[in-house]
file query-v5.pdb (PDB, C-alpha atoms)
ATOM      1  CA  MET A   1       5.670  26.971   7.322
ATOM      2  CA  ASN A   2       2.172  28.442   7.290
ATOM      3  CA  LEU A   3       3.363  31.054   4.828
ATOM      4  CA  ALA A   4       4.620  28.385   2.425
ATOM      5  CA  VAL A   5       1.326  26.512   2.711
ATOM      6  CA  ILE A   6      -0.672  29.665   1.980
ATOM      7  CA  ILE A   7       1.485  30.527  -1.029
ATOM      8  CA  ILE A   8       1.112  27.043  -2.514
ATOM      9  CA  LEU A   9      -2.645  27.110  -1.890
ATOM     10  CA  VAL A  10      -3.002  30.455  -3.642
ATOM     11  CA  VAL A  11      -0.916  29.312  -6.612
ATOM     12  CA  GLY A  12      -3.137  26.235  -6.839
ATOM     13  CA  LEU A  13      -6.219  28.470  -6.734
ATOM     14  CA  VAL A  14      -4.826  30.583  -9.574
ATOM     15  CA  PHE A  15      -4.488  27.433 -11.684
ATOM     16  CA  PHE A  16      -8.042  26.394 -10.800
ATOM     17  CA  LEU A  17      -9.282  29.862 -11.755
ATOM     18  CA  GLY A  18      -7.336  29.619 -14.993
ATOM     19  CA  GLY A  19      -8.970  26.280 -15.660
ATOM     20  CA  ALA A  20     -12.455  27.698 -15.106
ATOM     21  CA  VAL A  21     -11.797  30.784 -17.241
ATOM     22  CA  GLY A  22     -10.196  28.602 -19.892
ATOM     23  CA  ILE A  23     -13.282  26.407 -20.159
ATOM     24  CA  LEU A  24     -15.329  29.519 -20.858
ATOM     25  CA  ARG A  25     -12.927  31.224 -23.238
ATOM     26  CA  PHE A  26     -11.565  28.553 -25.544
ATOM     27  CA  PRO A  27     -13.405  28.149 -28.818
ATOM     28  CA  ASP A  28     -14.401  24.501 -29.119
ATOM     29  CA  PHE A  29     -14.970  21.186 -27.400
ATOM     30  CA  TYR A  30     -11.411  19.847 -27.770
ATOM     31  CA  SER A  31      -9.524  22.968 -26.837
ATOM     32  CA  ARG A  32     -11.779  23.432 -23.815
ATOM     33  CA  LEU A  33     -10.630  20.084 -22.536
ATOM     34  CA  HIS A  34      -7.070  21.368 -22.311
ATOM     35  CA  PRO A  35      -7.694  23.721 -19.376
ATOM     36  CA  ALA A  36     -10.392  21.456 -17.932
ATOM     37  CA  GLY A  37      -8.299  18.328 -17.810
ATOM     38  CA  LYS A  38      -4.919  19.635 -16.859
ATOM     39  CA  MET A  39      -4.976  22.884 -14.996
ATOM     40  CA  ASP A  40      -7.277  21.139 -12.560
ATOM     41  CA  THR A  41      -4.695  18.392 -12.222
ATOM     42  CA  LEU A  42      -1.896  20.782 -11.376
ATOM     43  CA  GLY A  43      -4.192  22.897  -9.204
ATOM     44  CA  SER A  44      -5.340  19.957  -7.140
ATOM     45  CA  PHE A  45      -1.766  18.673  -6.950
ATOM     46  CA  LEU A  46      -0.613  21.980  -5.475
ATOM     47  CA  MET A  47      -3.567  22.394  -3.122
ATOM     48  CA  LEU A  48      -3.564  18.820  -1.844
ATOM     49  CA  GLY A  49       0.206  18.998  -1.490
ATOM     50  CA  ALA A  50      -0.200  22.136   0.592
ATOM     51  CA  LEU A  51      -2.798  20.412   2.764
ATOM     52  CA  ALA A  52      -0.503  17.421   3.275
ATOM     53  CA  LEU A  53       2.294  19.804   4.275
ATOM     54  CA  TYR A  54      -0.028  21.643   6.649
ATOM     55  CA  HIS A  55      -1.059  18.380   8.269
ATOM     56  CA  LEU A  56       2.527  17.397   9.006
ATOM     57  CA  HIS A  57       2.862  20.265  11.442
ATOM     58  CA  PRO A  58       2.578  18.504  14.812
ATOM     59  CA  PHE A  59       4.725  15.621  13.597
ATOM     60  CA  THR A  60       2.785  12.681  15.023
ATOM     61  CA  LEU A  61       2.055   9.306  13.482
ATOM     62  CA  ASP A  62      -1.620  10.112  12.943
ATOM     63  CA  ASN A  63      -0.800  13.279  11.036
ATOM     64  CA  VAL A  64       1.752  11.477   8.902
ATOM     65  CA  LEU A  65      -0.897   8.885   8.032
ATOM     66  CA  VAL A  66      -3.307  11.626   6.997
ATOM     67  CA  ALA A  67      -0.592  13.202   4.848
ATOM     68  CA  ILE A  68       0.104   9.856   3.169
ATOM     69  CA  LYS A  69      -3.610   9.474   2.427
ATOM     70  CA  ILE A  70      -3.664  12.897   0.793
ATOM     71  CA  VAL A  71      -0.633  11.939  -1.304
ATOM     72  CA  LEU A  72      -2.473   8.765  -2.359
ATOM     73  CA  ILE A  73      -5.394  10.922  -3.510
ATOM     74  CA  VAL A  74      -2.981  12.931  -5.656
ATOM     75  CA  VAL A  75      -1.492   9.752  -7.144
ATOM     76  CA  PHE A  76      -4.895   8.406  -8.143
ATOM     77  CA  TYR A  77      -5.918  11.800  -9.477
ATOM     78  CA  PHE A  78      -2.861  11.806 -11.708
ATOM     79  CA  LEU A  79      -3.773   8.364 -13.029
ATOM     80  CA  ALA A  80      -7.479   9.038 -13.476
ATOM     81  CA  SER A  81      -7.496  12.568 -14.885
ATOM     82  CA  PRO A  82      -5.638  11.934 -18.171
ATOM     83  CA  THR A  83      -7.595   8.730 -18.662
ATOM     84  CA  ALA A  84     -10.909  10.552 -18.245
ATOM     85  CA  THR A  85      -9.766  13.374 -20.532
ATOM     86  CA  HIS A  86      -8.771  10.848 -23.144
ATOM     87  CA  ALA A  87     -12.133   9.077 -22.831
ATOM     88  CA  ILE A  88     -13.981  12.357 -23.413
ATOM     89  CA  VAL A  89     -11.829  13.241 -26.443
ATOM     90  CA  ASP A  90     -12.314   9.764 -27.855
ATOM     91  CA  ALA A  91     -16.085  10.037 -27.389
ATOM     92  CA  GLY A  92     -16.005  13.389 -29.190
ATOM     93  CA  ILE A  93     -14.067  11.948 -32.137
ATOM     94  CA  ARG A  94     -16.353   8.919 -32.370
ATOM     95  CA  ALA A  95     -19.439  11.146 -32.333
ATOM     96  CA  GLY A  96     -17.945  13.076 -35.249
ATOM     97  CA  GLN A  97     -17.431  16.375 -33.475
ATOM     98  CA  ALA A  98     -15.269  18.508 -35.753
ATOM     99  CA  ALA A  99     -12.280  20.294 -34.275
ATOM    100  CA  TRP A 100     -12.166  24.082 -34.460
ATOM    101  CA  GLN A 101      -9.477  25.379 -36.752
ATOM    102  CA  LYS A 102      -8.048  28.769 -37.146
ATOM    103  CA  PRO A 103      -9.985  30.649 -39.829
ATOM    104  CA  GLY A 104      -8.144  30.297 -43.106
ATOM    105  CA  ARG A 105      -6.564  26.939 -42.361
ATOM    106  CA  GLY A 106      -7.538  23.928 -44.408
ATOM    107  CA  ALA A 107      -8.862  20.852 -42.674
ATOM    108  CA  GLY A 108      -6.524  18.007 -41.924
ATOM    109  CA  SER A 109      -3.328  19.994 -41.638
TER     110      SER A 109
ATOM    111  CA  MET B   1      20.060  -5.070 -23.412
ATOM    112  CA  GLN B   2      17.031  -7.198 -22.660
ATOM    113  CA  GLN B   3      14.182  -7.155 -25.094
ATOM    114  CA  PRO B   4      10.730  -6.188 -23.795
ATOM    115  CA  PRO B   5       8.270  -9.086 -23.788
ATOM    116  CA  THR B   6       6.760  -9.721 -27.180
ATOM    117  CA  ALA B   7       3.031 -10.102 -27.677
ATOM    118  CA  GLU B   8       3.306 -13.899 -27.887
ATOM    119  CA  GLU B   9       5.191 -14.105 -24.611
ATOM    120  CA  ARG B  10       2.568 -11.954 -22.916
ATOM    121  CA  TYR B  11      -0.340 -14.017 -24.230
ATOM    122  CA  GLU B  12       1.473 -17.170 -23.199
ATOM    123  CA  ALA B  13       1.843 -15.804 -19.677
ATOM    124  CA  GLU B  14      -1.793 -14.751 -19.539
ATOM    125  CA  ALA B  15      -2.936 -18.157 -20.751
ATOM    126  CA  GLN B  16      -0.887 -19.764 -17.996
ATOM    127  CA  VAL B  17      -2.507 -17.557 -15.397
ATOM    128  CA  ILE B  18      -6.032 -18.144 -16.679
ATOM    129  CA  SER B  19      -5.663 -21.906 -16.912
ATOM    130  CA  GLY B  20      -4.178 -22.022 -13.425
ATOM    131  CA  GLN B  21      -0.868 -23.445 -14.609
ATOM    132  CA  VAL B  22       1.170 -20.926 -12.681
ATOM    133  CA  ARG B  23       4.095 -22.604 -10.980
ATOM    134  CA  PRO B  24       3.945 -22.708  -7.180
ATOM    135  CA  ALA B  25       7.262 -20.858  -6.966
ATOM    136  CA  ARG B  26       5.753 -18.092  -9.073
ATOM    137  CA  ARG B  27       2.750 -17.924  -6.736
ATOM    138  CA  ALA B  28       5.010 -17.586  -3.726
ATOM    139  CA  TYR B  29       6.985 -14.872  -5.488
ATOM    140  CA  THR B  30       3.941 -12.719  -6.231
ATOM    141  CA  PHE B  31       2.606 -13.372  -2.724
ATOM    142  CA  ILE B  32       5.834 -12.169  -1.116
ATOM    143  CA  PHE B  33       5.672  -8.894  -3.033
ATOM    144  CA  THR B  34       1.923  -8.319  -2.975
ATOM    145  CA  PHE B  35       1.281  -8.975   0.697
ATOM    146  CA  PRO B  36       3.528  -6.220   2.158
ATOM    147  CA  THR B  37       2.228  -3.740  -0.404
ATOM    148  CA  LEU B  38      -1.385  -4.423   0.511
ATOM    149  CA  MET B  39      -0.568  -4.532   4.208
ATOM    150  CA  ALA B  40       1.159  -1.139   4.048
ATOM    151  CA  LEU B  41      -1.906   0.274   2.302
ATOM    152  CA  TRP B  42      -4.143  -1.269   4.973
ATOM    153  CA  VAL B  43      -2.118   0.277   7.795
ATOM    154  CA  VAL B  44      -2.085   3.699   6.137
ATOM    155  CA  LEU B  45      -5.810   3.650   5.470
ATOM    156  CA  SER B  46      -6.886   2.232   8.814
ATOM    157  CA  GLY B  47      -4.437   4.006  11.113
ATOM    158  CA  ARG B  48      -5.285   1.708  14.031
ATOM    159  CA  PHE B  49      -2.690  -0.535  15.564
ATOM    160  CA  ASP B  50      -4.649  -2.722  17.972
ATOM    161  CA  THR B  51      -4.642  -6.484  17.537
ATOM    162  CA  PHE B  52      -8.189  -6.672  16.219
ATOM    163  CA  HIS B  53      -7.725  -4.301  13.288
ATOM    164  CA  LEU B  54      -4.247  -5.587  12.435
ATOM    165  CA  SER B  55      -5.369  -9.214  12.360
ATOM    166  CA  LEU B  56      -8.341  -8.301  10.168
ATOM    167  CA  GLY B  57      -5.820  -6.652   7.824
ATOM    168  CA  VAL B  58      -3.519  -9.680   7.811
ATOM    169  CA  ILE B  59      -6.399 -12.022   6.977
ATOM    170  CA  SER B  60      -7.880  -9.956   4.167
ATOM    171  CA  CYS B  61      -4.494  -9.028   2.666
ATOM    172  CA  ALA B  62      -3.415 -12.683   2.718
ATOM    173  CA  LEU B  63      -6.642 -13.748   0.981
ATOM    174  CA  VAL B  64      -6.420 -11.047  -1.661
ATOM    175  CA  SER B  65      -2.741 -11.580  -2.388
ATOM    176  CA  PHE B  66      -3.285 -15.341  -2.594
ATOM    177  CA  PHE B  67      -6.084 -15.046  -5.134
ATOM    178  CA  SER B  68      -5.015 -12.079  -7.225
ATOM    179  CA  GLY B  69      -1.326 -11.532  -6.585
ATOM    180  CA  ASP B  70      -0.744 -11.705 -10.315
ATOM    181  CA  LEU B  71      -2.661  -8.491 -10.913
ATOM    182  CA  LEU B  72      -0.282  -6.209  -9.078
ATOM    183  CA  PHE B  73       2.930  -7.845 -10.317
ATOM    184  CA  PRO B  74       1.992  -9.312 -13.697
ATOM    185  CA  HIS B  75       3.992 -12.215 -14.994
ATOM    186  CA  SER B  76       6.939 -11.084 -17.028
ATOM    187  CA  PRO B  77       9.494 -13.271 -18.771
ATOM    188  CA  HIS B  78      12.141 -10.774 -17.709
ATOM    189  CA  PRO B  79      11.686 -10.164 -13.973
ATOM    190  CA  ARG B  80      14.889  -8.143 -13.722
ATOM    191  CA  GLN B  81      13.573  -5.602 -16.186
ATOM    192  CA  THR B  82      10.397  -5.244 -14.134
ATOM    193  CA  LEU B  83      12.429  -4.681 -10.991
ATOM    194  CA  ARG B  84      14.507  -2.022 -12.708
ATOM    195  CA  LEU B  85      11.312  -0.282 -13.776
ATOM    196  CA  TRP B  86      10.226  -0.026 -10.150
ATOM    197  CA  TRP B  87      13.170   2.111  -9.192
ATOM    198  CA  ARG B  88      13.527   3.945 -12.489
ATOM    199  CA  PHE B  89       9.955   5.186 -12.674
ATOM    200  CA  PRO B  90      10.215   7.404  -9.560
ATOM    201  CA  LEU B  91      13.157   9.107 -11.280
ATOM    202  CA  TYR B  92      10.906  10.015 -14.204
ATOM    203  CA  VAL B  93       8.126  11.499 -12.065
ATOM    204  CA  PRO B  94       9.900  14.687 -10.853
ATOM    205  CA  TRP B  95      10.887  15.574 -14.415
ATOM    206  CA  LEU B  96       7.287  15.015 -15.516
ATOM    207  CA  LEU B  97       6.003  17.249 -12.707
ATOM    208  CA  TYR B  98       8.432  19.978 -13.755
ATOM    209  CA  GLN B  99       7.250  19.694 -17.364
ATOM    210  CA  ILE B 100       3.604  19.792 -16.245
ATOM    211  CA  PHE B 101       4.309  22.944 -14.280
ATOM    212  CA  LEU B 102       6.103  24.702 -17.151
ATOM    213  CA  ALA B 103       3.459  23.769 -19.681
ATOM    214  CA  ASN B 104       0.640  24.782 -17.320
ATOM    215  CA  LEU B 105       2.194  28.224 -17.041
ATOM    216  CA  HIS B 106       2.094  28.448 -20.832
ATOM    217  CA  LEU B 107      -1.581  27.426 -20.876
ATOM    218  CA  LEU B 108      -2.351  29.906 -18.094
ATOM    219  CA  TYR B 109      -0.757  32.644 -20.194
ATOM    220  CA  LEU B 110      -2.880  31.631 -23.183
ATOM    221  CA  THR B 111      -6.050  31.538 -21.094
ATOM    222  CA  PHE B 112      -5.758  35.064 -19.792
ATOM    223  CA  HIS B 113      -4.342  36.582 -22.951
ATOM    224  CA  PRO B 114      -6.863  39.103 -24.355
ATOM    225  CA  ARG B 115      -6.163  38.076 -27.963
ATOM    226  CA  MET B 116      -6.201  34.368 -27.196
ATOM    227  CA  PRO B 117      -8.128  33.209 -30.304
ATOM    228  CA  GLU B 118      -5.330  34.613 -32.463
ATOM    229  CA  LEU B 119      -2.607  32.892 -30.507
ATOM    230  CA  ILE B 120      -4.000  29.396 -30.371
ATOM    231  CA  ASP B 121      -4.023  27.144 -33.385
ATOM    232  CA  PRO B 122      -5.573  23.768 -32.601
ATOM    233  CA  HIS B 123      -4.399  20.984 -34.845
ATOM    234  CA  MET B 124      -3.844  17.262 -34.850
ATOM    235  CA  VAL B 125      -0.345  15.824 -34.705
ATOM    236  CA  ARG B 126       0.308  12.309 -35.937
ATOM    237  CA  PHE B 127       3.486  10.436 -35.218
ATOM    238  CA  ARG B 128       4.753   6.941 -34.594
ATOM    239  CA  SER B 129       6.364   6.191 -31.292
ATOM    240  CA  LYS B 130       9.393   3.960 -30.905
ATOM    241  CA  LEU B 131       8.127   2.583 -27.599
ATOM    242  CA  LYS B 132       7.009  -1.024 -27.696
ATOM    243  CA  SER B 133       5.585  -2.374 -24.458
ATOM    244  CA  GLU B 134       1.996  -1.585 -23.541
ATOM    245  CA  MET B 135       2.947  -0.077 -20.194
ATOM    246  CA  ALA B 136       5.399   2.314 -21.851
ATOM    247  CA  LEU B 137       2.787   3.388 -24.396
ATOM    248  CA  LEU B 138       0.218   3.916 -21.639
ATOM    249  CA  ALA B 139       2.635   5.990 -19.587
ATOM    250  CA  PHE B 140       3.559   8.003 -22.682
ATOM    251  CA  ALA B 141      -0.089   8.634 -23.620
ATOM    252  CA  ASN B 142      -0.964   9.760 -20.108
ATOM    253  CA  SER B 143       2.136  11.939 -19.901
ATOM    254  CA  ILE B 144       1.154  13.629 -23.169
ATOM    255  CA  THR B 145      -2.324  14.314 -21.843
ATOM    256  CA  LEU B 146      -0.966  15.667 -18.560
ATOM    257  CA  THR B 147       1.382  18.041 -20.309
ATOM    258  CA  PRO B 148      -0.937  20.896 -21.220
ATOM    259  CA  GLY B 149      -1.361  21.899 -24.786
ATOM    260  CA  THR B 150      -1.566  18.298 -25.913
ATOM    261  CA  ILE B 151      -4.200  15.595 -25.482
ATOM    262  CA  THR B 152      -3.765  12.059 -26.725
ATOM    263  CA  VAL B 153      -6.688  11.273 -28.990
ATOM    264  CA  ARG B 154      -5.812   7.775 -30.065
ATOM    265  CA  VAL B 155      -3.043   5.239 -29.552
ATOM    266  CA  SER B 156      -2.703   2.033 -31.480
ATOM    267  CA  PRO B 157      -0.880  -0.953 -29.978
ATOM    268  CA  ASP B 158       1.868  -0.440 -32.588
ATOM    269  CA  GLY B 159       2.581   3.027 -31.257
ATOM    270  CA  ASP B 160       0.672   5.233 -33.696
ATOM    271  CA  PHE B 161      -0.325   8.382 -31.856
ATOM    272  CA  VAL B 162      -2.911  11.003 -32.734
ATOM    273  CA  VAL B 163      -2.512  14.039 -30.519
ATOM    274  CA  HIS B 164      -4.606  17.202 -30.323
ATOM    275  CA  ALA B 165      -2.370  20.208 -29.740
ATOM    276  CA  ILE B 166      -3.641  23.632 -28.743
ATOM    277  CA  ASP B 167      -0.967  25.653 -30.538
ATOM    278  CA  ARG B 168       2.169  25.325 -32.655
ATOM    279  CA  PHE B 169       4.475  25.575 -29.665
ATOM    280  CA  SER B 170       2.926  22.615 -27.830
ATOM    281  CA  GLY B 171       2.707  20.445 -30.922
ATOM    282  CA  GLU B 172       6.331  20.868 -31.927
ATOM    283  CA  ALA B 173       7.641  19.339 -28.720
ATOM    284  CA  LEU B 174       6.371  15.865 -29.684
ATOM    285  CA  PRO B 175       7.525  13.148 -29.391
ATOM    286  CA  GLY B 176      10.882  14.538 -28.360
ATOM    287  CA  GLU B 177      12.501  14.312 -24.992
ATOM    288  CA  MET B 178       9.560  12.737 -23.149
ATOM    289  CA  GLU B 179       9.750   9.661 -25.347
ATOM    290  CA  LYS B 180      13.507   9.394 -24.882
ATOM    291  CA  ARG B 181      13.167   9.533 -21.125
ATOM    292  CA  LEU B 182      10.367   6.978 -21.094
ATOM    293  CA  ALA B 183      12.407   4.680 -23.334
ATOM    294  CA  ARG B 184      15.241   4.897 -20.809
ATOM    295  CA  THR B 185      12.820   4.302 -17.933
ATOM    296  CA  PHE B 186      11.335   1.210 -19.526
ATOM    297  CA  GLY B 187      14.676  -0.087 -20.757
ATOM    298  CA  GLU B 188      13.827   0.245 -24.450
ATOM    299  CA  GLU B 189      16.657   2.431 -25.671
TER     300      GLU B 189
END
call {"tool": "encode", "arguments": {"input": "query-v5.pdb", "output": "structure tokens"}}
result
Amino acid sequence: MNLAVIIILVVGLVFFLGGAVGILRFPDFYSRLHPAGKMDTLGSFLMLGALALYHLHPFTLDNVLVAIKIVLIVVFYFLASPTATHAIVDAGIRAGQAAWQKPGRGAGS
Amino acid sequence: MQQPPTAEERYEAEAQVISGQVRPARRAYTFIFTFPTLMALWVVLSGRFDTFHLSLGVISCALVSFFSGDLLFPHSPHPRQTLRLWWRFPLYVPWLLYQIFLANLHLLYLTFHPRMPELIDPHMVRFRSKLKSEMALLAFANSITLTPGTITVRVSPDGDFVVHAIDRFSGEALPGEMEKRLARTFGEE
């Protein structure tokens, strides 16, 4: 049980690390949002899921309630994260931020 | 096959709610569904089962579900379709999670690839979705954003999507299977 929890936590951490590295490495505003908005979502899903699993261990009512609360956090994260990402993208478009294109590609393709 | 509510039907329903012309039976119906939902949330969040805390929960949940029961279960001219959505949507979630996982692996590969700037090719994808109801479009837009490699930039109420894709591979998958599954989930085949 503990082993499974540790594995899931580490996988979640790898996604978080990927998100952080992605923010630094991608070329422009819009493509940076891809790792920022989503790898964090999956990372937090895995890590919070692992915590919920860990909390179930002495299977008492209190622990189950804590696990349900953690699952609720995940649910709201999954609703809020894409909405926030979309709001940021929309703000970028409205402010006229141009999207990075591969060198040699015409605009608007 | 039932049709999803048209815009006129929805506005009609909203006008009824705003002007307070909701039928008493309708009020009771939303109350019956809203109260247990809120009460379950109360119990989970409070975690105390003594009389004092439970009665506080009953009072506040009853007040809230009396005043704003229509928010959680909005009026729909086709209640059976709404009910079907409630058990079909959980079927869609595991598939979405699996897709999120697969696509995240792809993004992870791109992130750590040494020649990443050559691999990615950000571009905008435009397409028109066949989905009609607002809820279906919202779920579709959020699903697109959650699936890495694609971010929904703009959605019009008619279903015109503008999506930012990080590379060719991610952009080609749209609208594709996700839309088909959502159409099935929302009964809009």
call {"tool": "closest_atom_pairs", "arguments": {"input": "query-v5.pdb", "of": "chain A", "to": "chain B", "cutoff": "8 Å", "atoms": "all atoms listed in the file", "output": "tab-separated table"}}
result
residue	atom	partner	partner_atom	distance
A:Phe15	CA	B:Leu108	CA	7.2
A:Gly18	CA	B:Leu108	CA	5.9
A:Gly19	CA	B:Leu108	CA	7.9
A:Val21	CA	B:Thr111	CA	7.0
A:Gly22	CA	B:Thr111	CA	5.2
A:Arg25	CA	B:Thr111	CA	7.2
A:Phe26	CA	B:Pro117	CA	7.5
A:Pro27	CA	B:Pro117	CA	7.5
A:Tyr30	CA	B:His164	CA	7.7
A:Ser31	CA	B:Ile166	CA	6.2
A:His34	CA	B:Gly149	CA	6.2
A:Pro35	CA	B:Leu107	CA	7.3
A:Gly37	CA	B:Leu146	CA	7.8
A:Lys38	CA	B:Leu146	CA	5.9
A:Met39	CA	B:Asn104	CA	6.4
A:Thr41	CA	B:Leu146	CA	7.8
A:Leu42	CA	B:Phe101	CA	7.2
A:Asp62	CA	B:Gly47	CA	7.0
A:Leu65	CA	B:Val44	CA	5.6
A:Ile68	CA	B:Val44	CA	7.2
A:Lys69	CA	B:Leu45	CA	6.9
A:Leu79	CA	B:Asn142	CA	7.7
A:Pro82	CA	B:Thr145	CA	5.5
A:Thr83	CA	B:Asn142	CA	6.9
A:Thr85	CA	B:Thr145	CA	7.6
A:His86	CA	B:Val153	CA	6.2
A:Val89	CA	B:Val153	CA	6.1
A:Asp90	CA	B:Val153	CA	5.9
A:Ala99	CA	B:Pro122	CA	7.7
A:Trp100	CA	B:Pro122	CA	6.9
A:Gln101	CA	B:Pro122	CA	5.9
A:Lys102	CA	B:Asp121	CA	5.7
A:Gly108	CA	B:Met124	CA	7.6
A:Ser109	CA	B:His123	CA	6.9
call {"tool": "axis_aligned_box", "arguments": {"input": "query-v5.pdb", "around": "region 37-54 of chain A", "padding_each_side": "6 Å", "output": "lines of an AutoDock Vina configuration file"}}
result
center_x = -3.0
center_y = 20.2
center_z = -5.6
size_x = 22.6
size_y = 17.5
size_z = 36.5
call {"tool": "resolve_selection", "arguments": {"input": "query-v5.pdb", "expression": "the PyMOL selection byres ((chain B and resi 57-65) around 7)", "output": "PyMOL selection string"}}
result
chain B and resi 31+34-35+38-39+42+53-56+66-69
call {"tool": "atom_distance", "arguments": {"input": "query-v5.pdb", "atom1": "CA of Phe89 (chain B)", "atom2": "CA of Ile7 (chain A)"}}
result
29.1 Å
call {"tool": "atom_distance", "arguments": {"input": "query-v5.pdb", "atom1": "CA of Leu61 (chain A)", "atom2": "CA of Val75 (chain A)"}}
result
20.9 Å
call {"tool": "atom_distance", "arguments": {"input": "query-v5.pdb", "atom1": "CA of Arg94 (chain A)", "atom2": "CA of Asp158 (chain B)"}}
result
20.5 Å
call {"tool": "closest_residue", "arguments": {"input": "query-v5.pdb", "among": "A:Val74, A:Ala36, A:Leu56, A:Ala50", "to": "Val5 (chain A)", "atoms": "only C-alpha atoms"}}
result
A:Ala50
call {"tool": "resolve_selection", "arguments": {"input": "query-v5.pdb", "expression": "the PyMOL selection byres ((chain A and resi 4) around 12)", "output": "list in words"}}
result
Met1, Asn2, Leu3, Val5, Ile6, Ile7, Ile8, Leu9, Val10, Val11, Leu46, Met47, Gly49, Ala50, Leu51, Leu53 and Tyr54 of chain A
call {"tool": "build_atoms", "arguments": {"input": "query-v5.pdb", "residues": "region 40-53 of chain A", "atoms": "N, CA and C atoms", "output": "PDB file, in the coordinates of the input"}}
result
ATOM      1  N   ASP A  40      -6.704  21.705 -13.778  1.00  0.00           N
ATOM      2  CA  ASP A  40      -7.277  21.139 -12.560  1.00  0.00           C
ATOM      3  C   ASP A  40      -6.319  20.144 -11.919  1.00  0.00           C
ATOM      4  N   THR A  41      -5.621  19.372 -12.777  1.00  0.00           N
ATOM      5  CA  THR A  41      -4.695  18.392 -12.222  1.00  0.00           C
ATOM      6  C   THR A  41      -3.593  19.082 -11.435  1.00  0.00           C
ATOM      7  N   LEU A  42      -2.973  20.090 -12.076  1.00  0.00           N
ATOM      8  CA  LEU A  42      -1.896  20.782 -11.376  1.00  0.00           C
ATOM      9  C   LEU A  42      -2.444  21.537 -10.162  1.00  0.00           C
ATOM     10  N   GLY A  43      -3.609  22.158 -10.320  1.00  0.00           N
ATOM     11  CA  GLY A  43      -4.192  22.897  -9.204  1.00  0.00           C
ATOM     12  C   GLY A  43      -4.453  22.002  -8.014  1.00  0.00           C
ATOM     13  N   SER A  44      -5.043  20.838  -8.276  1.00  0.00           N
ATOM     14  CA  SER A  44      -5.340  19.957  -7.140  1.00  0.00           C
ATOM     15  C   SER A  44      -4.050  19.376  -6.577  1.00  0.00           C
ATOM     16  N   PHE A  45      -3.054  19.149  -7.455  1.00  0.00           N
ATOM     17  CA  PHE A  45      -1.766  18.673  -6.950  1.00  0.00           C
ATOM     18  C   PHE A  45      -1.191  19.674  -5.963  1.00  0.00           C
ATOM     19  N   LEU A  46      -1.189  20.967  -6.353  1.00  0.00           N
ATOM     20  CA  LEU A  46      -0.613  21.980  -5.475  1.00  0.00           C
ATOM     21  C   LEU A  46      -1.420  22.114  -4.185  1.00  0.00           C
ATOM     22  N   MET A  47      -2.760  22.159  -4.315  1.00  0.00           N
ATOM     23  CA  MET A  47      -3.567  22.394  -3.122  1.00  0.00           C
ATOM     24  C   MET A  47      -3.527  21.205  -2.171  1.00  0.00           C
ATOM     25  N   LEU A  48      -3.633  19.997  -2.720  1.00  0.00           N
ATOM     26  CA  LEU A  48      -3.564  18.820  -1.844  1.00  0.00           C
ATOM     27  C   LEU A  48      -2.176  18.680  -1.233  1.00  0.00           C
ATOM     28  N   GLY A  49      -1.145  19.025  -2.040  1.00  0.00           N
ATOM     29  CA  GLY A  49       0.206  18.998  -1.490  1.00  0.00           C
ATOM     30  C   GLY A  49       0.340  19.961  -0.325  1.00  0.00           C
ATOM     31  N   ALA A  50      -0.252  21.152  -0.485  1.00  0.00           N
ATOM     32  CA  ALA A  50      -0.200  22.136   0.592  1.00  0.00           C
ATOM     33  C   ALA A  50      -0.925  21.613   1.829  1.00  0.00           C
ATOM     34  N   LEU A  51      -2.062  20.955   1.618  1.00  0.00           N
ATOM     35  CA  LEU A  51      -2.798  20.412   2.764  1.00  0.00           C
ATOM     36  C   LEU A  51      -1.992  19.331   3.464  1.00  0.00           C
ATOM     37  N   ALA A  52      -1.330  18.470   2.675  1.00  0.00           N
ATOM     38  CA  ALA A  52      -0.503  17.421   3.275  1.00  0.00           C
ATOM     39  C   ALA A  52       0.607  18.048   4.112  1.00  0.00           C
ATOM     40  N   LEU A  53       1.220  19.102   3.555  1.00  0.00           N
ATOM     41  CA  LEU A  53       2.294  19.804   4.275  1.00  0.00           C
ATOM     42  C   LEU A  53       1.757  20.398   5.574  1.00  0.00           C
TER      43      LEU A  53
END
